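Shown below: final-v1.cif, with mmCIF, C-alpha atoms and all ligand atoms.
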data_final
loop_
_atom_site.label_atom_id
_atom_site.label_comp_id
_atom_site.auth_asym_id
_atom_site.auth_seq_id
_atom_site.Cartn_x
_atom_site.Cartn_y
_atom_site.Cartn_z
CA MET Z 30 -10.07 74.99 27.05
CA ASN Z 31 -8.76 74.57 23.52
CA PRO Z 32 -5.28 76.22 23.49
CA ASP Z 33 -6.07 77.60 20.01
CA ARG Z 34 -8.78 79.81 21.52
CA ARG Z 35 -6.50 81.44 24.04
CA PRO Z 36 -3.02 82.99 24.26
CA TYR Z 37 0.03 80.91 25.17
CA ILE Z 38 0.38 81.68 28.89
CA LEU Z 39 3.62 82.07 30.81
CA LEU Z 40 4.10 82.65 34.53
CA ASN Z 41 7.15 84.50 35.78
CA TYR Z 42 8.17 84.99 39.39
CA ALA Z 43 11.11 85.18 41.75
CA MET Z 44 10.95 83.05 44.86
CA SER Z 45 12.96 82.80 48.08
CA LEU Z 46 14.46 79.49 49.20
CA ASP Z 47 11.46 79.03 51.48
CA GLY Z 48 8.97 79.50 48.66
CA LYS Z 49 7.87 83.08 49.36
CA ILE Z 50 7.40 85.85 46.82
CA SER Z 51 7.13 88.72 49.34
CA THR Z 52 6.83 89.45 53.06
CA GLU Z 53 3.75 88.97 55.26
CA ASP Z 54 3.13 92.73 55.03
CA ARG Z 55 3.54 92.57 51.25
CA ASP Z 56 6.33 95.13 51.44
CA PRO Z 57 7.68 96.08 48.03
CA VAL Z 58 11.01 94.39 48.83
CA ARG Z 59 13.62 93.68 46.19
CA PHE Z 60 15.40 90.35 46.70
CA THR Z 61 16.50 89.63 43.14
CA SER Z 62 19.66 90.64 41.28
CA GLY Z 63 20.11 92.98 38.33
CA ILE Z 64 20.53 89.88 36.16
CA ASP Z 65 17.04 88.75 37.10
CA ARG Z 66 15.60 92.17 36.33
CA ARG Z 67 17.26 92.14 32.89
CA LEU Z 68 15.86 88.66 32.22
CA MET Z 69 12.41 89.90 33.28
CA ASP Z 70 12.67 92.73 30.75
CA GLU Z 71 13.67 90.20 28.07
CA ILE Z 72 10.71 87.93 28.87
CA ARG Z 73 8.30 90.87 28.87
CA ALA Z 74 9.62 92.10 25.55
CA ASP Z 75 8.69 88.75 24.01
CA VAL Z 76 4.96 88.83 24.89
CA ASP Z 77 1.91 90.76 23.73
CA ALA Z 78 0.49 91.45 27.20
CA VAL Z 79 1.50 91.28 30.86
CA LEU Z 80 -1.17 90.63 33.50
CA ILE Z 81 -0.91 91.35 37.25
CA GLY Z 82 -3.36 91.10 40.12
CA ALA Z 83 -4.70 94.18 41.87
CA GLY Z 84 -2.85 93.01 45.01
CA THR Z 85 0.47 93.37 43.20
CA LEU Z 86 -0.48 96.79 41.89
CA ARG Z 87 -1.44 97.93 45.41
CA ALA Z 88 1.72 96.43 46.97
CA GLU Z 89 4.34 97.41 44.42
CA ASP Z 90 2.97 100.10 42.12
CA PRO Z 91 5.19 98.50 39.46
CA PRO Z 92 6.34 100.30 36.32
CA VAL Z 93 5.19 98.48 33.20
CA ARG Z 94 7.46 99.69 30.45
CA ILE Z 95 10.14 97.72 28.62
CA GLN Z 96 13.35 99.17 30.01
CA ALA Z 97 15.88 98.39 27.26
CA ALA Z 98 15.68 100.76 24.28
CA GLU Z 99 16.98 98.07 21.90
CA ARG Z 100 14.12 95.74 22.90
CA ARG Z 101 11.55 98.49 22.35
CA ASP Z 102 13.13 99.22 18.94
CA GLU Z 103 13.08 95.53 18.05
CA ARG Z 104 9.37 95.32 18.92
CA THR Z 105 8.67 98.39 16.79
CA ARG Z 106 10.62 96.87 13.86
CA MET Z 107 8.38 93.80 14.17
CA GLY Z 108 5.29 96.00 13.86
CA LYS Z 109 4.39 95.77 17.56
CA SER Z 110 3.87 98.53 20.10
CA PRO Z 111 7.06 99.33 22.06
CA HIS Z 112 5.54 97.93 25.27
CA PRO Z 113 3.21 94.98 25.85
CA VAL Z 114 -0.39 95.71 26.83
CA SER Z 115 -0.66 95.89 30.63
CA ILE Z 116 -3.66 94.16 32.23
CA VAL Z 117 -4.78 94.41 35.87
CA LEU Z 118 -7.20 91.86 37.27
CA SER Z 119 -9.56 93.23 39.96
CA ARG Z 120 -13.01 92.34 41.26
CA SER Z 121 -13.27 95.43 43.44
CA MET Z 122 -11.61 97.96 41.13
CA ARG Z 123 -10.34 99.51 44.34
CA ILE Z 124 -6.96 100.25 42.89
CA PRO Z 125 -4.89 103.44 42.84
CA SER Z 126 -5.40 105.69 39.83
CA GLU Z 127 -2.14 107.59 40.38
CA GLY Z 128 1.45 106.44 40.82
CA ARG Z 129 4.35 104.90 38.97
CA TYR Z 130 2.18 102.26 37.29
CA TRP Z 131 0.24 104.95 35.40
CA LYS Z 132 3.21 107.11 34.36
CA ASP Z 133 4.13 105.88 30.90
CA GLY Z 134 1.74 107.31 28.29
CA GLN Z 135 2.91 104.82 25.62
CA VAL Z 136 1.52 101.79 27.44
CA GLU Z 137 -1.94 100.47 26.55
CA ARG Z 138 -3.72 99.46 29.77
CA ILE Z 139 -6.70 97.22 30.43
CA ILE Z 140 -8.50 96.62 33.72
CA ALA Z 141 -10.32 93.30 33.69
CA THR Z 142 -13.19 93.18 36.15
CA ALA Z 143 -16.51 91.44 36.78
CA VAL Z 144 -19.90 92.32 35.31
CA GLN Z 145 -21.32 93.12 38.76
CA THR Z 146 -18.55 95.50 39.79
CA PRO Z 147 -20.24 98.91 40.08
CA ALA Z 148 -19.82 100.99 36.91
CA ASP Z 149 -18.86 104.15 38.82
CA ARG Z 150 -15.63 102.50 39.97
CA SER Z 151 -14.39 102.91 36.37
CA LEU Z 152 -14.61 106.71 36.57
CA PRO Z 153 -11.04 107.42 37.80
CA PHE Z 154 -9.67 105.33 34.92
CA GLN Z 155 -11.68 106.80 32.03
CA GLU Z 156 -8.70 108.44 30.33
CA LYS Z 157 -6.18 105.86 31.50
CA ALA Z 158 -7.37 102.36 30.76
CA GLU Z 159 -10.00 100.34 28.98
CA VAL Z 160 -12.26 98.44 31.36
CA ILE Z 161 -13.39 95.02 30.16
CA ARG Z 162 -15.80 92.72 31.96
CA ALA Z 163 -15.98 88.93 31.99
CA GLY Z 164 -17.79 86.80 34.57
CA GLU Z 165 -20.49 87.86 37.02
CA THR Z 166 -18.78 88.43 40.39
CA SER Z 167 -15.21 87.38 39.52
CA VAL Z 168 -13.40 87.54 36.23
CA ASP Z 169 -13.93 84.29 34.35
CA LEU Z 170 -10.38 83.60 33.17
CA ASP Z 171 -11.44 81.36 30.26
CA GLU Z 172 -13.68 84.12 28.94
CA LEU Z 173 -11.01 86.75 29.52
CA CYS Z 174 -8.45 84.67 27.62
CA ARG Z 175 -10.86 84.28 24.69
CA MET Z 176 -11.39 88.05 24.65
CA LEU Z 177 -7.63 88.67 24.70
CA SER Z 178 -7.10 86.14 21.92
CA ASP Z 179 -9.75 87.91 19.81
CA ARG Z 180 -7.73 91.12 20.26
CA GLY Z 181 -4.64 89.47 18.79
CA ILE Z 182 -2.88 88.70 22.08
CA ARG Z 183 -0.99 85.49 21.33
CA ARG Z 184 1.43 85.41 24.27
CA LEU Z 185 0.31 86.45 27.75
CA LEU Z 186 2.72 86.79 30.66
CA VAL Z 187 1.18 86.47 34.13
CA GLU Z 188 3.30 88.15 36.79
CA GLY Z 189 1.42 87.27 39.96
CA GLY Z 190 0.97 87.63 42.75
CA GLY Z 191 0.14 84.40 44.53
CA GLU Z 192 -3.65 84.57 44.27
CA VAL Z 193 -3.64 85.36 40.57
CA ASN Z 194 -1.03 82.69 39.76
CA MET Z 195 -3.17 80.11 41.57
CA ALA Z 196 -6.28 81.21 39.71
CA PHE Z 197 -4.49 80.54 36.40
CA TRP Z 198 -3.25 77.15 37.65
CA ALA Z 199 -6.72 76.18 38.86
CA ALA Z 200 -8.23 77.12 35.50
CA GLY Z 201 -5.64 74.99 33.64
CA LEU Z 202 -4.37 78.10 31.90
CA VAL Z 203 -0.59 77.85 32.34
CA ASP Z 204 1.78 76.62 29.61
CA GLU Z 205 5.19 77.64 30.83
CA VAL Z 206 6.91 78.90 33.99
CA TYR Z 207 9.99 81.08 34.45
CA LEU Z 208 11.21 80.82 38.02
CA THR Z 209 14.16 82.61 39.63
CA LEU Z 210 15.27 80.90 42.81
CA CYS Z 211 16.92 83.45 45.11
CA PRO Z 212 19.30 82.67 47.99
CA VAL Z 213 17.26 84.36 50.71
CA VAL Z 214 14.79 83.22 53.36
CA ILE Z 215 11.74 85.42 53.97
CA GLY Z 216 9.52 83.27 56.18
CA GLY Z 217 6.07 84.02 57.56
CA ARG Z 218 3.00 81.78 57.53
CA ASN Z 219 1.00 84.46 55.78
CA ALA Z 220 3.65 85.66 53.37
CA PRO Z 221 2.49 85.10 49.78
CA THR Z 222 3.83 82.08 47.93
CA ALA Z 223 3.99 81.52 44.19
CA ALA Z 224 0.50 79.95 44.22
CA ASP Z 225 -1.89 80.84 47.05
CA GLY Z 226 -5.62 80.41 47.42
CA ALA Z 227 -7.46 77.13 47.73
CA GLY Z 228 -4.83 74.88 46.14
CA LEU Z 229 -5.33 71.66 44.20
CA ASP Z 230 -6.32 68.16 45.28
CA ALA Z 231 -3.71 65.47 44.69
CA ASP Z 232 -5.45 64.17 41.57
CA ARG Z 233 -5.31 67.65 40.03
CA PHE Z 234 -1.64 68.48 40.71
CA ARG Z 235 -0.05 70.16 37.70
CA LYS Z 236 3.00 68.35 36.34
CA LEU Z 237 5.82 70.17 34.58
CA ARG Z 238 8.99 69.33 32.69
CA LEU Z 239 12.23 71.20 33.30
CA VAL Z 240 13.36 72.57 29.93
CA GLU Z 241 16.15 74.94 30.98
CA SER Z 242 18.27 75.56 34.07
CA ARG Z 243 21.04 78.09 34.48
CA ARG Z 244 23.02 79.23 37.45
CA VAL Z 245 24.18 82.83 37.25
CA GLY Z 246 25.95 84.13 40.35
CA GLN Z 247 23.93 82.97 43.34
CA GLU Z 248 20.59 82.59 41.53
CA PHE Z 249 19.04 79.73 39.59
CA PHE Z 250 17.01 80.52 36.50
CA LEU Z 251 14.61 77.68 35.78
CA ARG Z 252 12.15 77.23 32.97
CA TYR Z 253 9.42 74.60 32.93
CA ARG Z 254 6.74 73.50 30.48
CA VAL Z 255 3.43 72.12 31.64
CA VAL Z 256 2.83 68.48 30.74
CA ARG Z 257 -0.60 68.17 29.13
CA SER Z 258 -2.57 65.04 29.91
CA ARG Z 259 -3.75 63.12 26.84
CA SER Z 260 -7.34 62.76 28.02
N1 LIG H 1 8.39 87.81 43.72
C1 LIG H 1 7.65 87.93 42.64
O1 LIG H 1 8.03 87.50 41.56
C2 LIG H 1 6.30 88.60 42.74
C3 LIG H 1 5.56 88.80 41.58
C4 LIG H 1 4.30 89.42 41.69
C5 LIG H 1 3.83 89.79 42.94
N2 LIG H 1 4.58 89.58 44.03
C6 LIG H 1 4.07 89.95 45.36
O2 LIG H 1 2.86 89.23 45.59
C7 LIG H 1 2.04 89.99 46.50
C8 LIG H 1 0.65 90.11 45.93
O3 LIG H 1 0.07 88.84 45.84
P1 LIG H 1 -1.44 88.64 46.32
O4 LIG H 1 -1.73 87.19 46.23
O5 LIG H 1 -1.62 89.36 47.59
O6 LIG H 1 -2.26 89.47 45.24
P2 LIG H 1 -2.42 89.33 43.65
O7 LIG H 1 -2.47 87.91 43.26
O8 LIG H 1 -1.44 90.22 42.99
O9 LIG H 1 -3.83 90.02 43.46
C9 LIG H 1 -4.98 89.51 44.09
C10 LIG H 1 -6.14 90.35 43.63
O10 LIG H 1 -6.35 90.13 42.24
C11 LIG H 1 -7.74 90.23 41.96
N3 LIG H 1 -8.22 88.95 41.46
C12 LIG H 1 -7.70 87.72 41.63
N4 LIG H 1 -8.41 86.79 40.96
C13 LIG H 1 -9.40 87.46 40.35
C14 LIG H 1 -10.47 87.09 39.49
N5 LIG H 1 -10.67 85.83 39.09
N6 LIG H 1 -11.30 88.07 39.06
C15 LIG H 1 -11.11 89.36 39.42
N7 LIG H 1 -10.12 89.78 40.21
C16 LIG H 1 -9.28 88.84 40.67
C17 LIG H 1 -8.43 90.62 43.29
O11 LIG H 1 -8.40 92.06 43.28
P3 LIG H 1 -9.41 92.98 44.12
O12 LIG H 1 -9.04 92.76 45.55
O13 LIG H 1 -9.13 94.37 43.66
O14 LIG H 1 -10.78 92.52 43.80
C18 LIG H 1 -7.46 90.04 44.31
O15 LIG H 1 -7.53 90.66 45.57
C19 LIG H 1 2.71 91.33 46.66
O16 LIG H 1 3.42 91.34 47.87
C20 LIG H 1 3.67 91.39 45.49
O17 LIG H 1 4.80 92.21 45.78
C21 LIG H 1 5.81 88.99 43.97
#
As a first step, turn the structure in this file into structure tokens.
Amino acid sequence: MNPDRRPYILLNYAMSLDGKISTEDRDPVRFTSGIDRRLMDEIRADVDAVLIGAGTLRAEDPPVRIQAAERRDERTRMGKSPHPVSIVLSRSMRIPSEGRYWKDGQVERIIATAVQTPADRSLPFQEKAEVIRAGETSVDLDELCRMLSDRGIRRLLVEGGGEVNMAFWAAGLVDEVYLTLCPVVIGGRNAPTAADGAGLDADRFRKLRLVESRRVGQEFFLRYRVVRSRS
């Protein structure tokens, strides 16, 4: 897909030494430091929208606001909303309509679902989010990205989980990766990794270039850019 027709797309995740992003039970465990959480806030403040999978919403019920007042003020000074648009990807639309995720009234929310997802599943979200549809039974990520681009979303941050990250990799829709490597082992064959799902054949592996590495305390903060093939 022509990068001009879609937002610039960043992935951000924290991973254990054994490559896991959560436990087998998908417990909402915290294994990162305060430094990582501040960096996450900084990365979020620099994008127009943040997308998560329904699995992450169900597992973590994450808050979606920018935490630091000075970052919200800076966004407002630049003519942006104080918080990025929050997007949830879901085929089923079987997601909670109450909880921490829904608390902040200043956040614009979008649920991206498929055309064939029954319309009545939107009812609990009528006052809370805009529902957009792309793709018949699953959201077509190319189409979704075009729709987001048409709405002025230039930078999109994808914050997992493993299935959603993989879907963006498989569609060739990742430009940059922020990875925090954490000194912990989680284990578990079925614990989510940073890219789950069907995976890629060897001739389709994605190649990246390390553009930044920093050690702070016991964590490594790594930033990579995807190498585009010239074909
Ligand atoms: N350590 C980290 O940095 C980090 C970051 C994020 C998440 N996590 C963890 O990752 C785990 C969740 O990962 P996960 O792989 O289970 O779930 P996920 O990737 O968050 O979400 C998967 C769900 O997203 C929806 N989905 C995926 N592709 C879709 C498409 N093309 N069209 C429409 N909907 C689509 C489906 O929702 P429906 O089932 O509703 O159809 C699917 O079940 C949690 O434990 C969370 O805590 C960790």
- Task: Quick one: everything within 7 Å of Val203 of chain Z, counting all atoms listed in the file, minus sequence neighbours fewer than 6 positions away in the same chain. Send it as number ranges by chain.
- Result: Z: 38-39, 197
Emit the selected residues as a PDB file, keeping the file's coordinate frame, including C-alpha atoms.
ATOM      1  CA  ILE Z  38       0.380  81.680  28.890  1.00  0.00           C
ATOM      2  CA  LEU Z  39       3.620  82.070  30.810  1.00  0.00           C
ATOM      3  CA  PHE Z 197      -4.490  80.540  36.400  1.00  0.00           C
TER       4      PHE Z 197
END
- Note on the structure: If you count all atoms listed in the file, the residue of Z:Ile140, Z:Cys174, Z:Val76, Z:Ala83 closest to ligand LIG 1 (chain H) turns out to be Z:Ala83
- Message: Using all atoms listed in the file, which residues of the polymer chains come no farther than 6 Å from ligand LIG 1 (chain H)? I'd like the answer as a PyMOL selection string.
- Response: chain Z and resi 42-44+50-51+55-57+81-85+88-89+118-123+142+167-169+188-193+221
- Excluding Val144 of chain Z and any residue of its chain fewer than 5 positions from it, enumerate the residues within 6 Å of it, using all atoms listed in the file, and give them as a PyMOL selection string. chain Z and resi 162+164-165
- Please indicate the distance in Å from atom CA of Lys132 of chain Z to atom CA of Ser110 of chain Z, rounded to one decimal place.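 Spanning atom CA of Lys132 of chain Z to atom CA of Ser110 of chain Z is a straight-line distance of 16.7 Å.
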- Would you mind telling me which residue in Z:Asp33, Z:Glu71, Z:Asp102, Z:Asp204 lies nearest to Val187 of chain Z when using all atoms listed in the file?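 Closest residue, counting all atoms listed in the file: Z:Asp204.
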- Task: Can you work out which one of Z:Leu177, Z:Leu251, Z:Val58, Z:Val117 has the shortest atom-to-atom distance to Leu208 of chain Z, counting only C-alpha atoms?
- Result: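 Among the listed residues, the smallest separation from Leu208 of chain Z belongs to Z:Leu251.
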- Selected residue, from Z:Arg257, Z:Arg129, Z:Arg180, Z:Arg66, that lies nearest to Leu202 of chain Z when counting only C-alpha atoms: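 Smallest distance to Leu202 of chain Z is found for Z:Arg257.
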Find the spatial neighbours of Ala97 of chain Z, counting all atoms listed in the file, within a cut-off of 12 Å - ignore same-chain residues fewer than 5 positions away - and output them as a PDB file with C-alpha atoms, in the frame of the given file.
ATOM      1  CA  ARG Z  66      15.600  92.170  36.330  1.00  0.00           C
ATOM      2  CA  ARG Z  67      17.260  92.140  32.890  1.00  0.00           C
ATOM      3  CA  LEU Z  68      15.860  88.660  32.220  1.00  0.00           C
ATOM      4  CA  MET Z  69      12.410  89.900  33.280  1.00  0.00           C
ATOM      5  CA  ASP Z  70      12.670  92.730  30.750  1.00  0.00           C
ATOM      6  CA  GLU Z  71      13.670  90.200  28.070  1.00  0.00           C
ATOM      7  CA  ILE Z  72      10.710  87.930  28.870  1.00  0.00           C
ATOM      8  CA  ARG Z  73       8.300  90.870  28.870  1.00  0.00           C
ATOM      9  CA  ALA Z  74       9.620  92.100  25.550  1.00  0.00           C
ATOM     10  CA  ASP Z 102      13.130  99.220  18.940  1.00  0.00           C
ATOM     11  CA  GLU Z 103      13.080  95.530  18.050  1.00  0.00           C
ATOM     12  CA  ARG Z 104       9.370  95.320  18.920  1.00  0.00           C
ATOM     13  CA  PRO Z 111       7.060  99.330  22.060  1.00  0.00           C
ATOM     14  CA  HIS Z 112       5.540  97.930  25.270  1.00  0.00           C
TER      15      HIS Z 112
END
- Message: Quick one: residues within 10 Å of Arg235 of chain Z, all atoms listed in the file, excluding same-chain residues fewer than 6 positions away - as number ranges by chain?
- Response: Z: 198-199, 201, 203, 229, 255-258
Based on the selection just made, write C-alpha atoms of those residues as a CSV table (one decimal), in the coordinates of the input.
chain,number,residue,atom,x,y,z
Z,198,TRP,CA,-3.2,77.2,37.6
Z,199,ALA,CA,-6.7,76.2,38.9
Z,201,GLY,CA,-5.6,75.0,33.6
Z,203,VAL,CA,-0.6,77.8,32.3
Z,229,LEU,CA,-5.3,71.7,44.2
Z,255,VAL,CA,3.4,72.1,31.6
Z,256,VAL,CA,2.8,68.5,30.7
Z,257,ARG,CA,-0.6,68.2,29.1
Z,258,SER,CA,-2.6,65.0,29.9
- Message: Quick check, in Å to one decimal: how far apart do atom CA of Asp179 of chain Z and atom CA of Asn194 of chain Z lie?
- Response: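 Atom-to-atom, atom CA of Asp179 of chain Z and atom CA of Asn194 of chain Z are spaced 22.4 Å apart.
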- Residue with smallest distance to Asp75 of chain Z - pool Z:Arg244, Z:Arg100, Z:Arg59, Z:Lys49, counting all atoms listed in the file: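 Result for the nearest residue to Asp75 of chain Z: Z:Arg100.
Distance-wise, atom CA of Asp90 of chain Z and atom CA of Gly228 of chain Z end up 26.7 Å apart.
Compared by their closest atoms to Glu205 of chain Z, and using only C-alpha atoms, the residues Z:Glu241, Z:Phe154, Z:Ala220, Z:Pro147 rank with Z:Glu241 nearest.
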Please export segment 182-217 of chain Z as a PDB file, in the first residue's frame, restricted to N, CA and C atoms.
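And here's decode.pdb as it stands now:
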ATOM      1  N   ILE Z 182      -5.696  11.434  10.335  1.00  0.00           N
ATOM      2  CA  ILE Z 182      -4.777  10.729  11.235  1.00  0.00           C
ATOM      3  C   ILE Z 182      -3.492  10.426  10.473  1.00  0.00           C
ATOM      4  N   ARG Z 183      -2.426  11.110  10.875  1.00  0.00           N
ATOM      5  CA  ARG Z 183      -1.143  10.990  10.167  1.00  0.00           C
ATOM      6  C   ARG Z 183      -0.208  10.001  10.856  1.00  0.00           C
ATOM      7  N   ARG Z 184      -0.323   9.914  12.177  1.00  0.00           N
ATOM      8  CA  ARG Z 184       0.540   8.992  12.934  1.00  0.00           C
ATOM      9  C   ARG Z 184      -0.348   8.111  13.799  1.00  0.00           C
ATOM     10  N   LEU Z 185      -0.215   6.801  13.579  1.00  0.00           N
ATOM     11  CA  LEU Z 185      -1.045   5.824  14.299  1.00  0.00           C
ATOM     12  C   LEU Z 185      -0.136   4.929  15.133  1.00  0.00           C
ATOM     13  N   LEU Z 186      -0.433   4.855  16.423  1.00  0.00           N
ATOM     14  CA  LEU Z 186       0.331   3.985  17.320  1.00  0.00           C
ATOM     15  C   LEU Z 186      -0.487   2.725  17.585  1.00  0.00           C
ATOM     16  N   VAL Z 187       0.097   1.569  17.295  1.00  0.00           N
ATOM     17  CA  VAL Z 187      -0.571   0.288  17.548  1.00  0.00           C
ATOM     18  C   VAL Z 187       0.024  -0.293  18.824  1.00  0.00           C
ATOM     19  N   GLU Z 188      -0.839  -0.526  19.800  1.00  0.00           N
ATOM     20  CA  GLU Z 188      -0.352  -1.007  21.107  1.00  0.00           C
ATOM     21  C   GLU Z 188      -0.852  -2.406  21.415  1.00  0.00           C
ATOM     22  N   GLY Z 189      -0.826  -3.282  20.429  1.00  0.00           N
ATOM     23  CA  GLY Z 189      -1.086  -4.702  20.647  1.00  0.00           C
ATOM     24  C   GLY Z 189      -2.544  -5.030  20.831  1.00  0.00           C
ATOM     25  N   GLY Z 190      -2.703  -6.271  21.339  1.00  0.00           N
ATOM     26  CA  GLY Z 190      -1.705  -7.256  21.742  1.00  0.00           C
ATOM     27  C   GLY Z 190      -1.110  -8.031  20.562  1.00  0.00           C
ATOM     28  N   GLY Z 191      -0.740  -9.291  20.868  1.00  0.00           N
ATOM     29  CA  GLY Z 191       0.012 -10.088  19.916  1.00  0.00           C
ATOM     30  C   GLY Z 191      -0.707 -10.337  18.602  1.00  0.00           C
ATOM     31  N   GLU Z 192      -2.002 -10.599  18.655  1.00  0.00           N
ATOM     32  CA  GLU Z 192      -2.744 -10.891  17.417  1.00  0.00           C
ATOM     33  C   GLU Z 192      -2.824  -9.646  16.529  1.00  0.00           C
ATOM     34  N   VAL Z 193      -3.102  -8.528  17.154  1.00  0.00           N
ATOM     35  CA  VAL Z 193      -3.237  -7.290  16.376  1.00  0.00           C
ATOM     36  C   VAL Z 193      -1.879  -6.860  15.807  1.00  0.00           C
ATOM     37  N   ASN Z 194      -0.830  -6.951  16.615  1.00  0.00           N
ATOM     38  CA  ASN Z 194       0.508  -6.610  16.085  1.00  0.00           C
ATOM     39  C   ASN Z 194       0.801  -7.442  14.837  1.00  0.00           C
ATOM     40  N   MET Z 195       0.543  -8.755  14.946  1.00  0.00           N
ATOM     41  CA  MET Z 195       0.847  -9.647  13.814  1.00  0.00           C
ATOM     42  C   MET Z 195       0.027  -9.282  12.588  1.00  0.00           C
ATOM     43  N   ALA Z 196      -1.229  -8.902  12.816  1.00  0.00           N
ATOM     44  CA  ALA Z 196      -2.078  -8.529  11.675  1.00  0.00           C
ATOM     45  C   ALA Z 196      -1.481  -7.320  10.945  1.00  0.00           C
ATOM     46  N   PHE Z 197      -0.923  -6.363  11.695  1.00  0.00           N
ATOM     47  CA  PHE Z 197      -0.294  -5.205  11.052  1.00  0.00           C
ATOM     48  C   PHE Z 197       1.000  -5.605  10.339  1.00  0.00           C
ATOM     49  N   TRP Z 198       1.786  -6.515  10.956  1.00  0.00           N
ATOM     50  CA  TRP Z 198       2.988  -7.005  10.264  1.00  0.00           C
ATOM     51  C   TRP Z 198       2.607  -7.707   8.966  1.00  0.00           C
ATOM     52  N   ALA Z 199       1.626  -8.606   9.058  1.00  0.00           N
ATOM     53  CA  ALA Z 199       1.249  -9.402   7.883  1.00  0.00           C
ATOM     54  C   ALA Z 199       0.760  -8.514   6.746  1.00  0.00           C
ATOM     55  N   ALA Z 200       0.108  -7.410   7.099  1.00  0.00           N
ATOM     56  CA  ALA Z 200      -0.411  -6.503   6.068  1.00  0.00           C
ATOM     57  C   ALA Z 200       0.670  -5.534   5.559  1.00  0.00           C
ATOM     58  N   GLY Z 201       1.877  -5.621   6.105  1.00  0.00           N
ATOM     59  CA  GLY Z 201       2.952  -4.708   5.671  1.00  0.00           C
ATOM     60  C   GLY Z 201       2.691  -3.284   6.113  1.00  0.00           C
ATOM     61  N   LEU Z 202       2.068  -3.143   7.287  1.00  0.00           N
ATOM     62  CA  LEU Z 202       1.632  -1.817   7.721  1.00  0.00           C
ATOM     63  C   LEU Z 202       2.371  -1.339   8.975  1.00  0.00           C
ATOM     64  N   VAL Z 203       3.655  -1.693   9.097  1.00  0.00           N
ATOM     65  CA  VAL Z 203       4.427  -1.199  10.240  1.00  0.00           C
ATOM     66  C   VAL Z 203       5.624  -0.421   9.705  1.00  0.00           C
ATOM     67  N   ASP Z 204       5.857   0.775  10.283  1.00  0.00           N
ATOM     68  CA  ASP Z 204       7.009   1.590   9.888  1.00  0.00           C
ATOM     69  C   ASP Z 204       8.083   1.632  10.957  1.00  0.00           C
ATOM     70  N   GLU Z 205       7.666   1.564  12.209  1.00  0.00           N
ATOM     71  CA  GLU Z 205       8.625   1.777  13.290  1.00  0.00           C
ATOM     72  C   GLU Z 205       8.192   0.979  14.508  1.00  0.00           C
ATOM     73  N   VAL Z 206       9.164   0.570  15.330  1.00  0.00           N
ATOM     74  CA  VAL Z 206       8.856  -0.220  16.530  1.00  0.00           C
ATOM     75  C   VAL Z 206       9.573   0.383  17.733  1.00  0.00           C
ATOM     76  N   TYR Z 207       8.838   0.595  18.807  1.00  0.00           N
ATOM     77  CA  TYR Z 207       9.419   0.916  20.111  1.00  0.00           C
ATOM     78  C   TYR Z 207       9.286  -0.327  20.975  1.00  0.00           C
ATOM     79  N   LEU Z 208      10.404  -0.842  21.441  1.00  0.00           N
ATOM     80  CA  LEU Z 208      10.389  -2.055  22.250  1.00  0.00           C
ATOM     81  C   LEU Z 208      11.096  -1.791  23.569  1.00  0.00           C
ATOM     82  N   THR Z 209      10.457  -2.152  24.664  1.00  0.00           N
ATOM     83  CA  THR Z 209      11.122  -2.123  25.976  1.00  0.00           C
ATOM     84  C   THR Z 209      11.400  -3.559  26.377  1.00  0.00           C
ATOM     85  N   LEU Z 210      12.671  -3.858  26.578  1.00  0.00           N
ATOM     86  CA  LEU Z 210      13.066  -5.209  26.976  1.00  0.00           C
ATOM     87  C   LEU Z 210      13.222  -5.229  28.493  1.00  0.00           C
ATOM     88  N   CYS Z 211      12.428  -6.082  29.139  1.00  0.00           N
ATOM     89  CA  CYS Z 211      12.335  -6.052  30.609  1.00  0.00           C
ATOM     90  C   CYS Z 211      13.009  -7.294  31.204  1.00  0.00           C
ATOM     91  N   PRO Z 212      13.741  -7.105  32.313  1.00  0.00           N
ATOM     92  CA  PRO Z 212      14.497  -8.220  32.895  1.00  0.00           C
ATOM     93  C   PRO Z 212      13.609  -9.131  33.732  1.00  0.00           C
ATOM     94  N   VAL Z 213      12.736  -9.857  33.074  1.00  0.00           N
ATOM     95  CA  VAL Z 213      11.818 -10.767  33.751  1.00  0.00           C
ATOM     96  C   VAL Z 213      11.531 -11.922  32.794  1.00  0.00           C
ATOM     97  N   VAL Z 214      11.276 -13.095  33.347  1.00  0.00           N
ATOM     98  CA  VAL Z 214      10.876 -14.232  32.510  1.00  0.00           C
ATOM     99  C   VAL Z 214       9.440 -14.591  32.879  1.00  0.00           C
ATOM    100  N   ILE Z 215       8.582 -14.707  31.881  1.00  0.00           N
ATOM    101  CA  ILE Z 215       7.162 -14.999  32.137  1.00  0.00           C
ATOM    102  C   ILE Z 215       6.851 -16.456  31.788  1.00  0.00           C
ATOM    103  N   GLY Z 216       7.312 -16.901  30.634  1.00  0.00           N
ATOM    104  CA  GLY Z 216       7.121 -18.300  30.248  1.00  0.00           C
ATOM    105  C   GLY Z 216       5.691 -18.628  29.833  1.00  0.00           C
ATOM    106  N   GLY Z 217       5.507 -19.868  29.405  1.00  0.00           N
ATOM    107  CA  GLY Z 217       4.163 -20.324  29.026  1.00  0.00           C
ATOM    108  C   GLY Z 217       4.002 -20.399  27.525  1.00  0.00           C
TER     109      GLY Z 217
END
